[in-house]
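See below for coords.cif, which holds mmCIF, C-alpha atoms.
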data_upload
#
loop_
_atom_site.label_atom_id
_atom_site.label_comp_id
_atom_site.auth_asym_id
_atom_site.auth_seq_id
_atom_site.Cartn_x
_atom_site.Cartn_y
_atom_site.Cartn_z
CA MET A 1 21.22 8.94 137.57
CA ASN A 2 24.66 9.56 139.03
CA GLU A 3 26.33 6.24 138.32
CA LEU A 4 30.09 6.30 137.74
CA GLU A 5 31.82 4.15 135.12
CA LEU A 6 35.49 3.68 134.22
CA ARG A 7 36.54 1.58 131.23
CA ASP A 8 40.13 0.55 130.48
CA VAL A 9 41.50 3.69 132.14
CA THR A 10 45.27 4.16 132.02
CA HIS A 11 47.47 6.79 133.65
CA THR A 12 51.23 7.07 134.05
CA TYR A 13 53.62 9.29 135.97
CA GLY A 14 56.56 9.75 133.63
CA ARG A 15 57.27 6.23 132.42
CA GLU A 16 55.75 4.57 135.48
CA PRO A 17 52.27 3.10 134.88
CA VAL A 18 49.95 3.69 137.83
CA LEU A 19 46.59 2.74 136.36
CA ALA A 20 46.90 -0.01 133.76
CA GLY A 21 43.41 -0.59 132.39
CA VAL A 22 41.04 0.07 135.29
CA ASP A 23 37.42 -1.06 134.91
CA LEU A 24 35.07 0.07 137.67
CA ASP A 25 31.30 0.49 138.03
CA VAL A 26 29.83 2.48 140.92
CA PRO A 27 26.01 2.24 140.95
CA ALA A 28 24.05 5.41 141.60
CA GLY A 29 23.48 6.03 145.30
CA SER A 30 25.94 3.34 146.38
CA LEU A 31 29.12 3.50 148.46
CA THR A 32 31.98 1.64 146.80
CA ALA A 33 35.31 1.18 148.59
CA VAL A 34 38.49 0.84 146.54
CA LEU A 35 40.92 -1.13 148.66
CA GLY A 36 44.60 -1.43 147.92
CA ALA A 37 48.05 -1.41 149.44
CA SER A 38 50.00 1.83 149.82
CA GLY A 39 51.27 2.97 146.43
CA SER A 40 48.72 0.93 144.49
CA GLY A 41 47.24 4.00 142.76
CA LYS A 42 44.16 4.60 144.91
CA THR A 43 44.58 8.37 145.22
CA THR A 44 45.50 8.64 141.52
CA LEU A 45 42.23 6.88 140.70
CA LEU A 46 40.27 9.48 142.70
CA ARG A 47 42.18 12.35 141.09
CA VAL A 48 41.35 10.94 137.64
CA ILE A 49 37.65 10.75 138.54
CA ALA A 50 37.71 14.30 139.95
CA GLY A 51 39.50 15.64 136.88
CA PHE A 52 42.67 16.71 138.68
CA GLU A 53 44.62 14.25 136.48
CA ARG A 54 44.04 13.47 132.79
CA ILE A 55 43.93 9.89 131.55
CA GLU A 56 46.06 8.59 128.69
CA SER A 57 43.36 6.26 127.35
CA GLY A 58 40.04 4.75 128.29
CA VAL A 59 36.77 6.42 129.27
CA VAL A 60 35.39 7.98 132.44
CA ARG A 61 31.62 8.45 132.48
CA LEU A 62 29.48 10.18 135.07
CA GLY A 63 25.73 9.76 134.81
CA GLY A 64 26.19 8.38 131.29
CA THR A 65 28.16 11.47 130.16
CA VAL A 66 31.78 11.11 129.10
CA VAL A 67 33.93 13.40 131.27
CA ASP A 68 37.32 12.15 130.01
CA ASP A 69 38.23 9.95 127.05
CA GLY A 70 41.95 10.67 126.88
CA LYS A 71 41.43 13.38 124.26
CA HIS A 72 38.80 15.69 125.69
CA ALA A 73 37.98 16.24 129.36
CA VAL A 74 35.35 18.13 131.33
CA PRO A 75 37.17 20.44 133.80
CA PRO A 76 36.93 19.54 137.52
CA GLU A 77 34.69 22.49 138.43
CA ARG A 78 32.04 21.31 135.96
CA ARG A 79 31.90 17.67 137.09
CA ARG A 80 29.84 18.29 140.27
CA ILE A 81 32.18 16.17 142.36
CA GLY A 82 32.78 16.64 146.08
CA TYR A 83 36.27 15.72 147.28
CA VAL A 84 37.20 14.99 150.91
CA PRO A 85 40.99 14.65 151.24
CA GLN A 86 42.83 12.73 153.91
CA ASP A 87 43.54 15.74 156.14
CA GLY A 88 40.28 17.60 155.51
CA ALA A 89 42.18 20.58 154.04
CA LEU A 90 40.14 23.17 155.94
CA PHE A 91 41.11 26.83 155.74
CA PRO A 92 42.56 27.57 159.20
CA HIS A 93 41.76 31.32 159.02
CA LEU A 94 38.07 30.76 158.20
CA ARG A 95 35.33 29.84 160.63
CA VAL A 96 33.38 26.61 160.20
CA ALA A 97 30.48 28.29 158.38
CA ALA A 98 32.86 29.99 155.93
CA ASN A 99 34.66 26.71 155.25
CA VAL A 100 31.40 24.94 154.46
CA GLY A 101 30.13 27.80 152.29
CA PHE A 102 33.38 28.28 150.39
CA GLY A 103 32.13 26.63 147.21
CA LEU A 104 28.78 28.45 147.24
CA GLY A 105 29.97 31.85 146.05
CA ARG A 106 30.76 35.08 147.86
CA ARG A 107 27.42 35.21 149.71
CA PRO A 108 26.56 31.63 150.68
CA ASP A 109 23.07 30.93 151.97
CA ARG A 110 23.36 30.88 155.79
CA LYS A 111 20.30 28.68 156.07
CA GLN A 112 21.79 26.10 153.70
CA VAL A 113 25.10 26.13 155.56
CA GLY A 114 23.27 25.70 158.87
CA GLU A 115 21.27 22.77 157.50
CA LEU A 116 24.45 21.07 156.28
CA LEU A 117 26.10 21.47 159.68
CA GLU A 118 22.98 20.04 161.35
CA LEU A 119 23.16 17.14 158.90
CA VAL A 120 26.72 16.27 159.93
CA GLY A 121 26.00 16.78 163.65
CA LEU A 122 27.76 20.14 164.06
CA GLY A 123 24.83 22.48 164.53
CA GLY A 124 25.76 25.50 166.65
CA LEU A 125 29.48 25.36 165.81
CA GLU A 126 29.32 27.77 162.86
CA ARG A 127 31.60 30.39 164.45
CA ARG A 128 34.38 28.10 165.59
CA TYR A 129 37.74 27.86 163.84
CA PRO A 130 39.12 24.49 162.69
CA HIS A 131 41.74 24.39 165.46
CA GLU A 132 38.91 24.57 168.01
CA LEU A 133 37.44 21.27 166.72
CA SER A 134 38.42 17.66 167.25
CA GLY A 135 39.82 15.63 164.37
CA GLY A 136 36.46 13.93 163.87
CA GLN A 137 34.62 17.25 163.82
CA GLN A 138 37.05 18.62 161.25
CA GLN A 139 36.33 15.68 158.95
CA ARG A 140 32.60 16.32 159.32
CA VAL A 141 33.15 19.93 158.27
CA ALA A 142 35.06 18.71 155.22
CA LEU A 143 32.16 16.40 154.36
CA ALA A 144 29.63 19.22 154.76
CA ARG A 145 31.74 21.38 152.43
CA ALA A 146 31.80 18.59 149.85
CA LEU A 147 28.01 18.16 150.08
CA ALA A 148 27.33 21.91 149.84
CA VAL A 149 27.66 21.95 146.05
CA GLU A 150 25.07 19.14 145.73
CA PRO A 151 27.59 16.83 144.07
CA ALA A 152 26.80 14.00 141.70
CA VAL A 153 29.60 11.99 143.34
CA VAL A 154 31.55 12.31 146.60
CA LEU A 155 35.15 11.05 146.70
CA LEU A 156 36.68 10.15 150.07
CA ASP A 157 40.48 9.85 150.12
CA GLU A 158 41.32 7.88 153.30
CA PRO A 159 39.51 10.55 155.35
CA PHE A 160 39.63 8.70 158.68
CA SER A 161 43.25 7.56 158.78
CA ALA A 162 44.41 10.38 161.09
CA LEU A 163 41.76 9.62 163.75
CA ASP A 164 42.26 7.37 166.75
CA ALA A 165 40.66 3.93 166.64
CA ALA A 166 37.56 4.71 168.75
CA MET A 167 36.80 7.97 166.93
CA ARG A 168 37.51 6.44 163.51
CA ALA A 169 34.84 3.78 163.99
CA SER A 170 32.14 6.24 165.09
CA VAL A 171 32.92 8.92 162.50
CA ARG A 172 33.00 6.52 159.55
CA ARG A 173 29.69 5.00 160.67
CA ASP A 174 28.08 8.44 160.87
CA VAL A 175 29.53 9.53 157.53
CA ALA A 176 28.27 6.37 155.82
CA ASN A 177 24.78 6.91 157.27
CA ILE A 178 24.71 10.55 156.08
CA LEU A 179 25.74 9.63 152.55
CA ARG A 180 23.21 6.79 152.36
CA GLU A 181 20.38 8.97 153.65
CA ARG A 182 21.08 11.50 150.91
CA GLY A 183 21.48 8.80 148.26
CA THR A 184 24.91 10.15 147.34
CA THR A 185 27.07 8.11 144.97
CA THR A 186 30.35 7.67 146.85
CA VAL A 187 33.82 6.28 146.24
CA LEU A 188 36.03 5.66 149.28
CA VAL A 189 39.68 4.73 148.87
CA THR A 190 41.42 3.09 151.80
CA HIS A 191 44.07 0.56 152.78
CA ASP A 192 42.07 -0.35 155.91
CA GLN A 193 40.29 -3.67 155.35
CA ASP A 194 37.90 -3.24 158.29
CA GLU A 195 36.90 0.18 156.98
CA ALA A 196 36.22 -1.09 153.48
CA LEU A 197 34.27 -4.16 154.59
CA SER A 198 32.16 -2.39 157.23
CA MET A 199 31.23 0.81 155.35
CA SER A 200 30.65 -0.13 151.74
CA ASP A 201 28.01 -1.69 149.54
CA ARG A 202 30.75 -3.00 147.26
CA VAL A 203 34.51 -3.45 147.56
CA ALA A 204 36.91 -3.26 144.62
CA ILE A 205 40.50 -4.48 145.02
CA LEU A 206 43.13 -2.41 143.19
CA ARG A 207 46.33 -4.34 142.48
CA GLY A 208 48.96 -3.85 139.82
CA GLY A 209 47.06 -0.90 138.37
CA ARG A 210 43.92 -2.98 137.78
CA ILE A 211 40.72 -3.87 139.59
CA VAL A 212 41.25 -7.58 140.26
CA ALA A 213 38.07 -8.20 142.27
CA ASP A 214 34.78 -6.33 142.74
CA SER A 215 31.85 -7.62 144.76
CA ARG A 216 29.78 -7.25 147.92
CA PRO A 217 31.97 -7.20 151.06
CA ASP A 218 30.59 -10.46 152.43
CA VAL A 219 31.00 -12.29 149.11
CA LEU A 220 34.54 -10.99 148.63
CA TYR A 221 35.54 -12.04 152.14
CA ARG A 222 34.01 -15.53 151.91
CA THR A 223 35.00 -16.28 148.31
CA PRO A 224 38.14 -14.28 147.41
CA VAL A 225 39.39 -14.92 143.90
CA ASP A 226 42.88 -15.90 145.03
CA ALA A 227 44.99 -16.51 148.12
CA ASP A 228 46.64 -13.07 148.00
CA ILE A 229 43.27 -11.34 148.24
CA ALA A 230 42.23 -13.74 151.00
CA MET A 231 45.22 -12.64 153.09
CA PHE A 232 44.77 -8.98 152.16
CA LEU A 233 41.16 -8.94 153.37
CA GLY A 234 41.88 -10.37 156.82
CA GLU A 235 43.66 -13.02 158.84
CA ALA A 236 43.82 -16.30 156.96
CA ASN A 237 45.07 -19.83 157.42
CA LEU A 238 46.29 -21.24 154.11
CA LEU A 239 46.74 -25.01 154.16
CA PRO A 240 47.85 -27.52 151.55
CA GLY A 241 45.11 -29.94 150.60
CA THR A 242 44.14 -32.60 148.11
CA VAL A 243 40.84 -32.89 146.26
CA GLU A 244 38.98 -36.07 147.20
CA GLY A 245 35.99 -35.53 144.94
CA GLY A 246 32.37 -34.93 145.84
CA GLY A 247 33.14 -31.42 147.04
CA VAL A 248 35.52 -32.63 149.77
CA VAL A 249 39.19 -31.74 150.32
CA ALA A 250 41.65 -33.51 152.62
CA THR A 251 43.79 -31.21 154.82
CA GLY A 252 45.76 -31.23 158.03
CA LEU A 253 42.51 -30.19 159.73
CA GLY A 254 40.67 -33.22 158.39
CA ARG A 255 38.26 -33.68 155.49
CA LEU A 256 36.59 -30.32 154.78
CA VAL A 257 33.67 -29.41 152.54
CA LEU A 258 34.34 -27.02 149.68
CA GLN A 259 31.95 -24.12 149.27
CA GLU A 260 30.36 -23.06 145.99
CA GLY A 261 32.88 -21.13 143.92
CA ALA A 262 35.88 -23.01 145.29
CA PHE A 263 38.10 -25.03 142.97
CA GLN A 264 36.72 -28.58 142.77
CA GLY A 265 39.17 -30.21 140.36
CA GLU A 266 39.91 -33.83 139.70
CA LEU A 267 40.61 -36.46 142.32
CA GLY A 268 44.10 -35.99 143.75
CA THR A 269 44.60 -32.41 142.55
CA PRO A 270 46.74 -30.39 145.01
CA VAL A 271 45.04 -27.21 146.27
CA THR A 272 45.54 -24.33 148.67
CA VAL A 273 42.73 -24.20 151.22
CA LEU A 274 41.52 -21.09 153.06
CA VAL A 275 40.28 -21.49 156.62
CA ARG A 276 39.47 -18.24 158.43
CA PRO A 277 40.51 -18.09 162.12
CA GLU A 278 36.88 -17.65 163.20
CA GLN A 279 35.95 -20.93 161.48
CA ILE A 280 38.12 -22.97 163.84
CA GLU A 281 36.88 -24.14 167.23
CA ALA A 282 39.51 -24.92 169.86
CA ARG A 283 38.35 -26.89 172.90
CA THR A 284 40.18 -28.48 175.74
CA ARG A 285 40.28 -32.22 175.39
CA ASN A 286 37.72 -32.91 178.12
CA ALA A 287 35.21 -30.52 176.46
CA VAL A 288 35.15 -32.17 173.03
CA PRO A 289 32.28 -34.54 172.25
CA ALA A 290 32.75 -37.93 170.70
CA GLY A 291 34.26 -37.56 167.24
CA GLY A 292 37.23 -35.62 168.54
CA GLY A 293 39.25 -33.22 166.43
CA ILE A 294 42.81 -32.39 165.44
CA ALA A 295 45.28 -32.23 168.35
CA ALA A 296 47.12 -28.92 168.78
CA HIS A 297 49.03 -26.90 171.37
CA VAL A 298 48.37 -23.23 172.27
CA ASN A 299 51.64 -21.30 171.87
CA GLU A 300 50.35 -17.71 172.01
CA CYS A 301 47.19 -15.91 173.10
CA ALA A 302 46.33 -12.27 172.30
CA PHE A 303 43.31 -11.02 174.28
CA PHE A 304 41.26 -8.14 172.83
CA GLY A 305 38.29 -8.07 175.22
CA HIS A 306 35.57 -8.92 172.69
CA ASP A 307 37.61 -11.86 171.40
CA ALA A 308 40.99 -13.56 171.59
CA VAL A 309 43.35 -14.82 168.91
CA LEU A 310 45.29 -18.00 169.57
CA ARG A 311 48.36 -19.17 167.71
CA VAL A 312 48.40 -22.94 167.81
CA ALA A 313 50.57 -25.72 166.40
CA THR A 314 49.02 -29.00 165.34
CA THR A 315 50.76 -32.32 165.84
CA GLY A 316 51.01 -32.44 162.04
CA GLY A 317 53.14 -29.27 162.01
CA ASP A 318 50.59 -26.69 160.85
CA GLN A 319 50.82 -23.25 162.49
CA LEU A 320 47.32 -21.76 162.72
CA LEU A 321 45.43 -18.72 163.96
CA VAL A 322 42.20 -19.36 165.86
CA ARG A 323 39.76 -16.60 166.82
CA ILE A 324 37.71 -17.24 169.97
CA THR A 325 34.69 -15.08 170.81
CA GLY A 326 33.12 -14.86 174.23
CA PRO A 327 34.49 -16.37 177.44
CA GLY A 328 36.25 -19.68 177.72
CA ALA A 329 39.36 -19.29 175.56
CA PRO A 330 41.78 -22.17 176.18
CA PRO A 331 44.70 -21.01 178.35
CA LEU A 332 48.22 -20.47 177.07
CA ASP A 333 50.37 -23.61 176.85
CA SER A 334 47.33 -25.90 176.90
CA ASP A 335 46.50 -28.84 174.64
CA VAL A 336 43.36 -28.51 172.54
CA LEU A 337 41.39 -30.28 169.83
CA LEU A 338 40.48 -28.32 166.69
CA THR A 339 37.37 -28.63 164.54
CA VAL A 340 36.32 -26.54 161.53
CA ARG A 341 32.89 -24.93 161.16
CA GLY A 342 31.32 -24.42 157.75
CA GLN A 343 32.66 -24.76 154.26
CA VAL A 344 36.05 -23.64 152.96
CA MET A 345 37.52 -21.94 149.90
CA ALA A 346 40.28 -23.49 147.79
CA TRP A 347 42.39 -22.79 144.71
CA GLU A 348 44.50 -25.08 142.56
CA ARG A 349 48.10 -25.15 143.78
CA SER A 350 50.77 -24.65 141.13
CA ALA A 351 53.73 -27.00 140.89
CA GLY A 352 55.99 -24.22 142.25
#

Take the structure in the file and write it out as structure tokens.
Amino acid sequence: MNELELRDVTHTYGREPVLAGVDLDVPAGSLTAVLGASGSGKTTLLRVIAGFERIESGVVRLGGTVVDDGKHAVPPERRRIGYVPQDGALFPHLRVAANVGFGLGRRPDRKQVGELLELVGLGGLERRYPHELSGGQQQRVALARALAVEPAVVLLDEPFSALDAAMRASVRRDVANILRERGTTTVLVTHDQDEALSMSDRVAILRGGRIVADSRPDVLYRTPVDADIAMFLGEANLLPGTVEGGGVVATGLGRLVLQEGAFQGELGTPVTVLVRPEQIEARTRNAVPAGGGIAAHVNECAFFGHDAVLRVATTGGDQLLVRITGPGAPPLDSDVLLTVRGQVMAWERSAG
């Protein structure tokens, strides 16, 4: 099996620690996204896995075999790892077929190269040069080249960041489908939250040189381990609240039910409460049934076609984001009543 395992991996540049005890498990055949801010060490992590950088301490295992323990390391060419860099790094003077077959020796199998190009949707483009392809097609060539050596693991280093928004969404969907169909163990590093959440089986958050959270995308989004991760994974309303007991917290949006995994605490404990914008309903006053809601005023409205994001201010002084899907978004400068759908996440609030 081609599972990937890192245990307490450290790496420094000069005196600057970049990886400070990374623990990461990538199950065989899965796609794991490593998400982190710029400069968090994401690319260094990939280079350590590939063997381009040596670790100071810890262990890197591939398929149960140690490939680096800080003392001895298997060279990159013997690790059976395919690497797709951010810019594709295609040879501009070689045709597409030659780029794909580069790692297959001096006389690559034309049939194998053709099958790989068919796999990535580029059949018939063997004789084109990279400059004759779109950005998305170039990334597909880079993927085909990585798959040509039948790798145990494929590493993707922000490979879609140079593409425009529409192309990025379609190319990453196709790439994810190709890798899953082949059962290829894959690590994707990115700073794009939508990319990580939509493509991967698991998401690991890299912060301060460590993996601080690792779970399924839906679990990580619904139950982040702290407020910083909540904000990093998407738009978030963070409200002060007070534990009332019985799984209920009092906030400026009313009494809300805490979900499993949220801090429960003792009666009266101050907490920080997470309410996602899509959890809040905003209705004009004459459209709210008996029971009402929290009064607010719409100060801003950003329309995106498939949805709209309102910035509202409650009479209690809270500034909130509200995401409205479908038609019927309250107009700018209107008065609305807010209600919260579902359960919420919370963490104990420090005295500071």

Env of segment 219-234 of chain A: 12 Å cut, atoms = only C-alpha atoms, seq-sep filter 2 positions within chain, self excluded. Answer as a short mmCIF file (atom, residue, chain, number, x, y, z; two decimals) with C-alpha atoms, keeping the file's coordinate frame.
data_model
loop_
_atom_site.label_atom_id
_atom_site.label_comp_id
_atom_site.auth_asym_id
_atom_site.auth_seq_id
_atom_site.Cartn_x
_atom_site.Cartn_y
_atom_site.Cartn_z
CA LEU A 35 40.92 -1.13 148.66
CA GLY A 36 44.60 -1.43 147.92
CA ALA A 37 48.05 -1.41 149.44
CA HIS A 191 44.07 0.56 152.78
CA ASP A 192 42.07 -0.35 155.91
CA GLN A 193 40.29 -3.67 155.35
CA ASP A 194 37.90 -3.24 158.29
CA GLU A 195 36.90 0.18 156.98
CA ALA A 196 36.22 -1.09 153.48
CA LEU A 197 34.27 -4.16 154.59
CA SER A 198 32.16 -2.39 157.23
CA SER A 200 30.65 -0.13 151.74
CA ASP A 201 28.01 -1.69 149.54
CA ARG A 202 30.75 -3.00 147.26
CA VAL A 203 34.51 -3.45 147.56
CA ALA A 204 36.91 -3.26 144.62
CA ILE A 205 40.50 -4.48 145.02
CA LEU A 206 43.13 -2.41 143.19
CA ARG A 207 46.33 -4.34 142.48
CA ILE A 211 40.72 -3.87 139.59
CA VAL A 212 41.25 -7.58 140.26
CA ALA A 213 38.07 -8.20 142.27
CA ASP A 214 34.78 -6.33 142.74
CA SER A 215 31.85 -7.62 144.76
CA ARG A 216 29.78 -7.25 147.92
CA PRO A 217 31.97 -7.20 151.06
CA ALA A 236 43.82 -16.30 156.96
CA ASN A 237 45.07 -19.83 157.42
CA LEU A 238 46.29 -21.24 154.11
CA LEU A 239 46.74 -25.01 154.16
CA PRO A 240 47.85 -27.52 151.55
CA LEU A 258 34.34 -27.02 149.68
CA GLN A 259 31.95 -24.12 149.27
CA GLU A 260 30.36 -23.06 145.99
CA GLY A 261 32.88 -21.13 143.92
CA ALA A 262 35.88 -23.01 145.29
CA PHE A 263 38.10 -25.03 142.97
CA VAL A 271 45.04 -27.21 146.27
CA THR A 272 45.54 -24.33 148.67
CA VAL A 273 42.73 -24.20 151.22
CA LEU A 274 41.52 -21.09 153.06
CA VAL A 275 40.28 -21.49 156.62
CA ARG A 276 39.47 -18.24 158.43
CA PRO A 277 40.51 -18.09 162.12
CA GLU A 278 36.88 -17.65 163.20
CA GLN A 279 35.95 -20.93 161.48
CA LEU A 321 45.43 -18.72 163.96
CA ARG A 323 39.76 -16.60 166.82
CA GLY A 342 31.32 -24.42 157.75
CA GLN A 343 32.66 -24.76 154.26
CA VAL A 344 36.05 -23.64 152.96
CA MET A 345 37.52 -21.94 149.90
CA ALA A 346 40.28 -23.49 147.79
CA TRP A 347 42.39 -22.79 144.71
CA GLU A 348 44.50 -25.08 142.56
CA ARG A 349 48.10 -25.15 143.78
#

If the PyMOL selection byres ((chain A and resi 189) around 8) is run on the structure shown, which residues does it catch, given as a PDB file with C-alpha atoms, in the frame of the given file?
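Okay, selection.pdb is ready:
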ATOM      1  CA  ALA A  33      35.310   1.180 148.590  1.00  0.00           C
ATOM      2  CA  VAL A  34      38.490   0.840 146.540  1.00  0.00           C
ATOM      3  CA  LEU A  35      40.920  -1.130 148.660  1.00  0.00           C
ATOM      4  CA  GLY A  36      44.600  -1.430 147.920  1.00  0.00           C
ATOM      5  CA  LYS A  42      44.160   4.600 144.910  1.00  0.00           C
ATOM      6  CA  THR A  43      44.580   8.370 145.220  1.00  0.00           C
ATOM      7  CA  LEU A  46      40.270   9.480 142.700  1.00  0.00           C
ATOM      8  CA  LEU A 156      36.680  10.150 150.070  1.00  0.00           C
ATOM      9  CA  ASP A 157      40.480   9.850 150.120  1.00  0.00           C
ATOM     10  CA  GLU A 158      41.320   7.880 153.300  1.00  0.00           C
ATOM     11  CA  VAL A 187      33.820   6.280 146.240  1.00  0.00           C
ATOM     12  CA  LEU A 188      36.030   5.660 149.280  1.00  0.00           C
ATOM     13  CA  THR A 190      41.420   3.090 151.800  1.00  0.00           C
ATOM     14  CA  HIS A 191      44.070   0.560 152.780  1.00  0.00           C
TER      15      HIS A 191
END

Rounded to one decimal in Å, what is the spacing between atom CA of Ser57 of chain A and atom CA of Gly70 of chain A?
->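 For atom CA of Ser57 of chain A relative to atom CA of Gly70 of chain A, the distance reads 4.7 Å.
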
Determine the residue membership of the PyMOL selection byres ((chain A and resi 137) around 12) for the file above and supply it as a PyMOL selection string.
-> chain A and resi 87-88+90+96+117+120-123+125-126+128-136+138-144+159-160+163+167-168+170-172+174-175

Work out how far apart atom CA of Ser38 of chain A and atom CA of Pro17 of chain A are and give it in Å to one decimal.
->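 So the two atoms, atom CA of Ser38 of chain A and atom CA of Pro17 of chain A, lie 15.2 Å apart.
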
May I ask which of the residues A:Gln86, A:Asn99, A:Asn2, A:Gln112 is the closest one to Gly64 of chain A, counting all atoms listed in the file?
->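 Ranking A:Gln86, A:Asn99, A:Asn2, A:Gln112 by distance to Gly64 of chain A, first place goes to A:Asn2.
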
Rank A:Gly63, A:Pro108, A:Gly82, A:Gly317 by their smallest atom-to-atom distance to Thr186 of chain A, using all atoms listed in the file, and report the top residue only.
-> A:Gly82

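The residue that comes closest to His72 of chain A, out of A:Val84, A:Ala302, A:Arg54, A:Asn177 and on the basis of all atoms listed in the file, is A:Arg54.
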
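For the pair atom CA of Ala97 of chain A and atom CA of Val113 of chain A, the separation is 6.4 Å.
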
The PyMOL selection byres ((chain A and resi 299) around 10) applied to the shown file, residues as a PyMOL selection string = chain A and resi 296-298+300-301+310-313+319+331-335

Saved selection, atoms kept: C-alpha atoms, as an mmCIF file, keeping the file's coordinate frame:
data_model
loop_
_atom_site.group_PDB
_atom_site.id
_atom_site.type_symbol
_atom_site.label_atom_id
_atom_site.label_comp_id
_atom_site.auth_asym_id
_atom_site.auth_seq_id
_atom_site.Cartn_x
_atom_site.Cartn_y
_atom_site.Cartn_z
ATOM 1 C CA ALA A 296 47.120 -28.920 168.780
ATOM 2 C CA HIS A 297 49.030 -26.900 171.370
ATOM 3 C CA VAL A 298 48.370 -23.230 172.270
ATOM 4 C CA GLU A 300 50.350 -17.710 172.010
ATOM 5 C CA CYS A 301 47.190 -15.910 173.100
ATOM 6 C CA LEU A 310 45.290 -18.000 169.570
ATOM 7 C CA ARG A 311 48.360 -19.170 167.710
ATOM 8 C CA VAL A 312 48.400 -22.940 167.810
ATOM 9 C CA ALA A 313 50.570 -25.720 166.400
ATOM 10 C CA GLN A 319 50.820 -23.250 162.490
ATOM 11 C CA PRO A 331 44.700 -21.010 178.350
ATOM 12 C CA LEU A 332 48.220 -20.470 177.070
ATOM 13 C CA ASP A 333 50.370 -23.610 176.850
ATOM 14 C CA SER A 334 47.330 -25.900 176.900
ATOM 15 C CA ASP A 335 46.500 -28.840 174.640
#

Which protein, DNA or RNA residues have an atom at most 12 Å from (38.3, 15.5, 128.0), counting all atoms listed in the file? List them as a CSV table (one decimal) with C-alpha atoms, in the coordinates of the input.
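Below is the file result_8.csv, written as the result:
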chain,number,residue,atom,x,y,z
A,48,VAL,CA,41.4,10.9,137.6
A,49,ILE,CA,37.6,10.8,138.5
A,51,GLY,CA,39.5,15.6,136.9
A,52,PHE,CA,42.7,16.7,138.7
A,53,GLU,CA,44.6,14.2,136.5
A,54,ARG,CA,44.0,13.5,132.8
A,55,ILE,CA,43.9,9.9,131.6
A,56,GLU,CA,46.1,8.6,128.7
A,57,SER,CA,43.4,6.3,127.4
A,58,GLY,CA,40.0,4.8,128.3
A,59,VAL,CA,36.8,6.4,129.3
A,60,VAL,CA,35.4,8.0,132.4
A,61,ARG,CA,31.6,8.4,132.5
A,65,THR,CA,28.2,11.5,130.2
A,66,VAL,CA,31.8,11.1,129.1
A,67,VAL,CA,33.9,13.4,131.3
A,68,ASP,CA,37.3,12.2,130.0
A,69,ASP,CA,38.2,10.0,127.0
A,70,GLY,CA,42.0,10.7,126.9
A,71,LYS,CA,41.4,13.4,124.3
A,72,HIS,CA,38.8,15.7,125.7
A,73,ALA,CA,38.0,16.2,129.4
A,74,VAL,CA,35.4,18.1,131.3
A,75,PRO,CA,37.2,20.4,133.8
A,76,PRO,CA,36.9,19.5,137.5
A,78,ARG,CA,32.0,21.3,136.0
A,79,ARG,CA,31.9,17.7,137.1

Of the candidates A:Ala169, A:Ile81, A:Ala250, A:Ala308, which one gets nearest to Arg145 of chain A if we count only C-alpha atoms?
->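 Answer, going by the shortest atom-to-atom distance: A:Ile81.
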
Closest of A:Leu267, A:Val340, A:Leu256, A:Leu179 to Ala146 of chain A, counting all atoms listed in the file, is A:Leu179

Since the input has fewer atoms than a full residue there, write segment 330-339 of chain A out with N, CA and C atoms, as a JSON list (two decimals), in the frame of the given file.
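part37.json written:
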[["chain", "number", "residue", "atom", "x", "y", "z"],
["A", 330, "PRO", "N", 40.82, -21.25, 175.57],
["A", 330, "PRO", "CA", 41.78, -22.17, 176.18],
["A", 330, "PRO", "C", 43.01, -21.40, 176.66],
["A", 331, "PRO", "N", 43.56, -21.74, 177.80],
["A", 331, "PRO", "CA", 44.70, -21.01, 178.35],
["A", 331, "PRO", "C", 45.98, -21.26, 177.55],
["A", 332, "LEU", "N", 46.92, -20.35, 177.71],
["A", 332, "LEU", "CA", 48.22, -20.47, 177.07],
["A", 332, "LEU", "C", 48.90, -21.76, 177.51],
["A", 333, "ASP", "N", 49.59, -22.40, 176.59],
["A", 333, "ASP", "CA", 50.37, -23.61, 176.85],
["A", 333, "ASP", "C", 49.48, -24.82, 177.17],
["A", 334, "SER", "N", 48.22, -24.76, 176.68],
["A", 334, "SER", "CA", 47.33, -25.90, 176.90],
["A", 334, "SER", "C", 47.21, -26.73, 175.62],
["A", 335, "ASP", "N", 46.74, -27.97, 175.78],
["A", 335, "ASP", "CA", 46.50, -28.84, 174.64],
["A", 335, "ASP", "C", 45.01, -28.78, 174.28],
["A", 336, "VAL", "N", 44.73, -28.67, 172.99],
["A", 336, "VAL", "CA", 43.36, -28.51, 172.54],
["A", 336, "VAL", "C", 43.10, -29.45, 171.36],
["A", 337, "LEU", "N", 41.82, -29.57, 171.04],
["A", 337, "LEU", "CA", 41.39, -30.28, 169.83],
["A", 337, "LEU", "C", 40.67, -29.28, 168.93],
["A", 338, "LEU", "N", 41.01, -29.29, 167.64],
["A", 338, "LEU", "CA", 40.48, -28.32, 166.69],
["A", 338, "LEU", "C", 39.45, -28.96, 165.78],
["A", 339, "THR", "N", 38.36, -28.23, 165.55],
["A", 339, "THR", "CA", 37.37, -28.63, 164.54],
["A", 339, "THR", "C", 37.04, -27.40, 163.70]]
